[in-house]
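> I have a structure I would like to understand better, so I am pasting it below and will then ask my questions one at a time.
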Amino acid sequence: MTAPVMTEADTDAAGIPRKAEGRGAAGRTHHRWSAPWLFLALGLTVTAVFVLFPFLNTVVLSFTDATMVRGGRFVGLDNYRRLSDDPRFWTALLNSTLYVVCVVPFMVVLPLLLAALVSRPGRLVGVFRSAFYTPVVMSAVAVGLIWTNLLDSRGLVNEALSWARLVSEPVPFIADRWLLLISAMFVTVWTGAGYYMVIYLAALAHIPRALYDAASVDGAGAVRSFLSVTVPGVRSTMALVGVLSSVAAFRVFSEVYVLSGNTGGTGGKDITMTMLIQREGTGLSADTGYATAVSVVMFVLTLALLVVQLRMQRRDGDAE
């Protein structure tokens, strides 16, 4: 047999034979297109089963009168009408909103100050970093019990105030409505400051040292360098911390739950959105349909909060 003769159409300009095109090349292209989806299949399946399906199921349940023991029937918007007339919902919404307004500024500024203090080299820097981060790794229940004992009418704080003759009678830190809410906010800041400090430390490590040297040459002190170099250098991180802390503050549960002893304060006046969901959605007498309606409203409000913050962040970026 004689070898097949290649024509100019079968070779390229360098004389190298061209690859045959046909069903084999199309099959290889098909396999190449589907390969990424094969790698994503497991993650997408887990996300669909444990995230997407529960979310859709929650939305569906919010339109029913389901309980813990029965599936319920479709009732339309009755749960949402009941929610709008429920004074507990408006109290919980007020408390959660106040939590965001009061806690987020401290969560954005205080960890940045701590990060700036422990970012400089020194012998005790490691000790201070560990001390600031220790509350983060502690159990939320343990933290709540510690501060409950400290803020009790016979706790260490009241004993110290009485010893210093600053008060004539115990301060009701965990009995008064507003003092309980403020105490829970303080515990939240104390617990979360170390976590956001670590995020700021990572951001501070990317600020060129030459900028601080230039500011020092210009005669800027520590405060001026902080305002002129550090703050602009971590502005995007501050926005990120603001978003994360806003979501966490709006979903607060453990601090108020433990400090109030699962009562939500006197008359339930310190109840939050998550506590309301927990009360309505657990137990044999749980009103699952109503609890899921509160959950959906909370999701919508959280999403709206994120959208507003992201738009403000983008507007600030465009202004710069």
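The way I read the labels, and the way they are meant: chains A, B, ... in the order of the structure tokens, residue 1 as the first residue of every chain, and ligand 1 as the first ligand shown, with later ones counted on from there.
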Report the closest atom pair, with its distance in Å rounded to one decimal, for each residue of segment 153-231 of chain A that has an atom no farther than 6 Å from segment 110-117 of chain A; count only C-alpha atoms, sort by chain and then rising residue number, and write it as a Markdown table.

| residue | atom | partner | partner_atom | distance |
| --- | --- | --- | --- | --- |
| A:Ala193 | CA | A:Pro111 | CA | 5.1 |
| A:Tyr196 | CA | A:Pro111 | CA | 5.8 |
| A:Met197 | CA | A:Pro111 | CA | 4.5 |
| A:Leu201 | CA | A:Ala115 | CA | 5.5 |
> For segment 249-255 of chain A, list every protein, DNA or RNA residue within 7 Å, evaluated using only C-alpha atoms, and leave out those in the same chain fewer than 3 positions away; present the list as an MDAnalysis selection string.
chainID A and resid 96:97 99:100 103 140:141 144 184 187:188 245:246 258:259 274:275
> Write the selection just made, keeping all heavy atoms, as a compact mmCIF listing (two decimals), in the first residue's frame?

# COMPACT_ATOMS: atom_id res chain seq x y z
N SER A 96 -34.10 45.79 67.86
CA SER A 96 -33.08 45.36 66.90
C SER A 96 -32.52 46.54 66.13
O SER A 96 -31.32 46.60 65.84
CB SER A 96 -33.67 44.32 65.94
OG SER A 96 -34.06 43.16 66.62
N THR A 97 -33.37 47.50 65.77
CA THR A 97 -32.90 48.69 65.07
C THR A 97 -31.99 49.54 65.96
O THR A 97 -30.93 50.02 65.51
CB THR A 97 -34.09 49.53 64.59
OG1 THR A 97 -34.95 48.72 63.77
CG2 THR A 97 -33.62 50.73 63.78
N TYR A 99 -30.23 48.43 68.32
CA TYR A 99 -28.99 47.66 68.45
C TYR A 99 -28.04 47.98 67.31
O TYR A 99 -26.84 48.17 67.51
CB TYR A 99 -29.32 46.17 68.48
CG TYR A 99 -28.56 45.40 69.52
CD1 TYR A 99 -29.09 45.23 70.80
CD2 TYR A 99 -27.32 44.85 69.25
CE1 TYR A 99 -28.42 44.53 71.76
CE2 TYR A 99 -26.62 44.15 70.20
CZ TYR A 99 -27.17 43.99 71.46
OH TYR A 99 -26.48 43.30 72.42
N VAL A 100 -28.58 48.04 66.10
CA VAL A 100 -27.74 48.35 64.93
C VAL A 100 -27.19 49.77 65.03
O VAL A 100 -26.00 50.02 64.82
CB VAL A 100 -28.54 48.16 63.63
CG1 VAL A 100 -27.73 48.64 62.43
CG2 VAL A 100 -28.93 46.70 63.46
N VAL A 103 -24.60 49.91 68.17
CA VAL A 103 -23.46 49.00 68.22
C VAL A 103 -22.52 49.19 67.04
O VAL A 103 -21.28 49.16 67.21
CB VAL A 103 -23.96 47.54 68.29
CG1 VAL A 103 -22.81 46.56 68.06
CG2 VAL A 103 -24.60 47.28 69.64
N ALA A 140 -20.81 32.01 73.77
CA ALA A 140 -21.73 33.12 74.00
C ALA A 140 -22.49 32.95 75.30
O ALA A 140 -22.75 33.93 76.01
CB ALA A 140 -22.70 33.23 72.82
N VAL A 141 -22.83 31.71 75.63
CA VAL A 141 -23.53 31.47 76.89
C VAL A 141 -22.62 31.75 78.07
O VAL A 141 -23.05 32.35 79.08
CB VAL A 141 -24.05 30.02 76.93
CG1 VAL A 141 -24.70 29.72 78.27
CG2 VAL A 141 -25.03 29.77 75.79
N GLY A 144 -22.35 35.45 78.50
CA GLY A 144 -23.57 35.99 79.09
C GLY A 144 -23.67 35.71 80.58
O GLY A 144 -24.06 36.59 81.36
N ALA A 184 -26.49 44.70 77.17
CA ALA A 184 -26.32 43.71 76.11
C ALA A 184 -25.48 44.27 74.97
O ALA A 184 -24.64 43.56 74.39
CB ALA A 184 -27.68 43.26 75.60
N VAL A 187 -21.86 44.15 76.02
CA VAL A 187 -21.33 42.79 75.93
C VAL A 187 -21.06 42.42 74.47
O VAL A 187 -20.05 41.77 74.16
CB VAL A 187 -22.31 41.79 76.57
CG1 VAL A 187 -21.83 40.36 76.36
CG2 VAL A 187 -22.45 42.09 78.07
N THR A 188 -21.92 42.83 73.57
CA THR A 188 -21.71 42.56 72.15
C THR A 188 -20.44 43.21 71.64
O THR A 188 -19.65 42.59 70.92
CB THR A 188 -22.92 43.05 71.33
OG1 THR A 188 -24.10 42.36 71.76
CG2 THR A 188 -22.70 42.81 69.85
N SER A 245 -20.97 43.86 60.83
CA SER A 245 -21.47 44.15 62.18
C SER A 245 -22.94 44.55 62.16
O SER A 245 -23.67 44.29 63.13
CB SER A 245 -20.63 45.25 62.83
OG SER A 245 -20.67 46.45 62.07
N SER A 246 -23.41 45.17 61.10
CA SER A 246 -24.83 45.52 61.00
C SER A 246 -25.71 44.28 60.96
O SER A 246 -26.72 44.19 61.66
CB SER A 246 -25.07 46.38 59.76
OG SER A 246 -24.38 47.60 59.83
N VAL A 258 -29.51 35.65 77.38
CA VAL A 258 -28.89 35.20 78.63
C VAL A 258 -29.01 36.26 79.71
O VAL A 258 -29.35 35.96 80.87
CB VAL A 258 -27.42 34.83 78.39
CG1 VAL A 258 -26.74 34.43 79.69
CG2 VAL A 258 -27.31 33.70 77.37
N LEU A 259 -28.74 37.53 79.37
CA LEU A 259 -28.81 38.58 80.38
C LEU A 259 -30.23 38.74 80.96
O LEU A 259 -30.39 39.07 82.13
CB LEU A 259 -28.34 39.91 79.79
CG LEU A 259 -26.85 40.06 79.52
CD1 LEU A 259 -26.56 41.43 78.92
CD2 LEU A 259 -26.03 39.86 80.79
N THR A 274 -34.87 37.99 66.59
CA THR A 274 -34.54 36.57 66.66
C THR A 274 -35.17 35.91 67.88
O THR A 274 -35.56 34.74 67.82
CB THR A 274 -33.02 36.40 66.71
OG1 THR A 274 -32.47 37.26 67.71
CG2 THR A 274 -32.39 36.74 65.37
N MET A 275 -35.28 36.64 68.98
CA MET A 275 -35.95 36.08 70.15
C MET A 275 -37.43 35.86 69.89
O MET A 275 -38.02 34.87 70.35
CB MET A 275 -35.75 36.99 71.36
CG MET A 275 -34.34 37.03 71.89
SD MET A 275 -34.18 38.04 73.39
CE MET A 275 -35.16 37.09 74.56
> Figure out the distance between atom CA of Thr58 of chain A and atom CA of Val300 of chain A, please, to one decimal in Å.
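For atom CA of Val300 of chain A relative to atom CA of Thr58 of chain A, the distance reads 13.0 Å.
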> Set the distance at 10 Å and use only C-alpha atoms: which residues neighbour Phe128 of chain A once local chain neighbours fewer than 4 positions away are removed? I'd like the list as a list of chain:residue names.
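The neighbour list is A:Leu114, A:Leu117, A:Val118, A:Arg123, A:Leu124, A:Phe132, A:Tyr133, A:Thr134.
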> Just the number, please: distance in Å from atom CA of Met312 of chain A to atom CA of Ala248 of chain A, one decimal.
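Rounded to one decimal, the two atoms are 19.0 Å apart.
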> Skip segment 262-271 of chain A itself and residues of its chain fewer than 3 positions away, then list as a list in words all residues within 9 Å of it, counting only C-alpha atoms.
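Residues near the query, excluding close chain neighbours: Arg88, Phe89, Thr91, Ala92, Leu93, Asn95, Ser96, Ile174, Ala175, Asp176, Arg177, Trp178, Leu180, Leu181, Phe253, Val256, Tyr257, Val258, Leu259, Thr274, Met275 and Leu276 of chain A.
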> Which distance in Å separates atom CA of Ser168 of chain A and atom CA of Gly261 of chain A, to one decimal?
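Going from atom CA of Ser168 of chain A over to atom CA of Gly261 of chain A, I get 25.8 Å.
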> Could you check which of A:Val247, A:Val171, A:Val69, A:Ala210 is closest to Arg154 of chain A, using only C-alpha atoms?
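Of all the options, A:Val171 lies closest to Arg154 of chain A.
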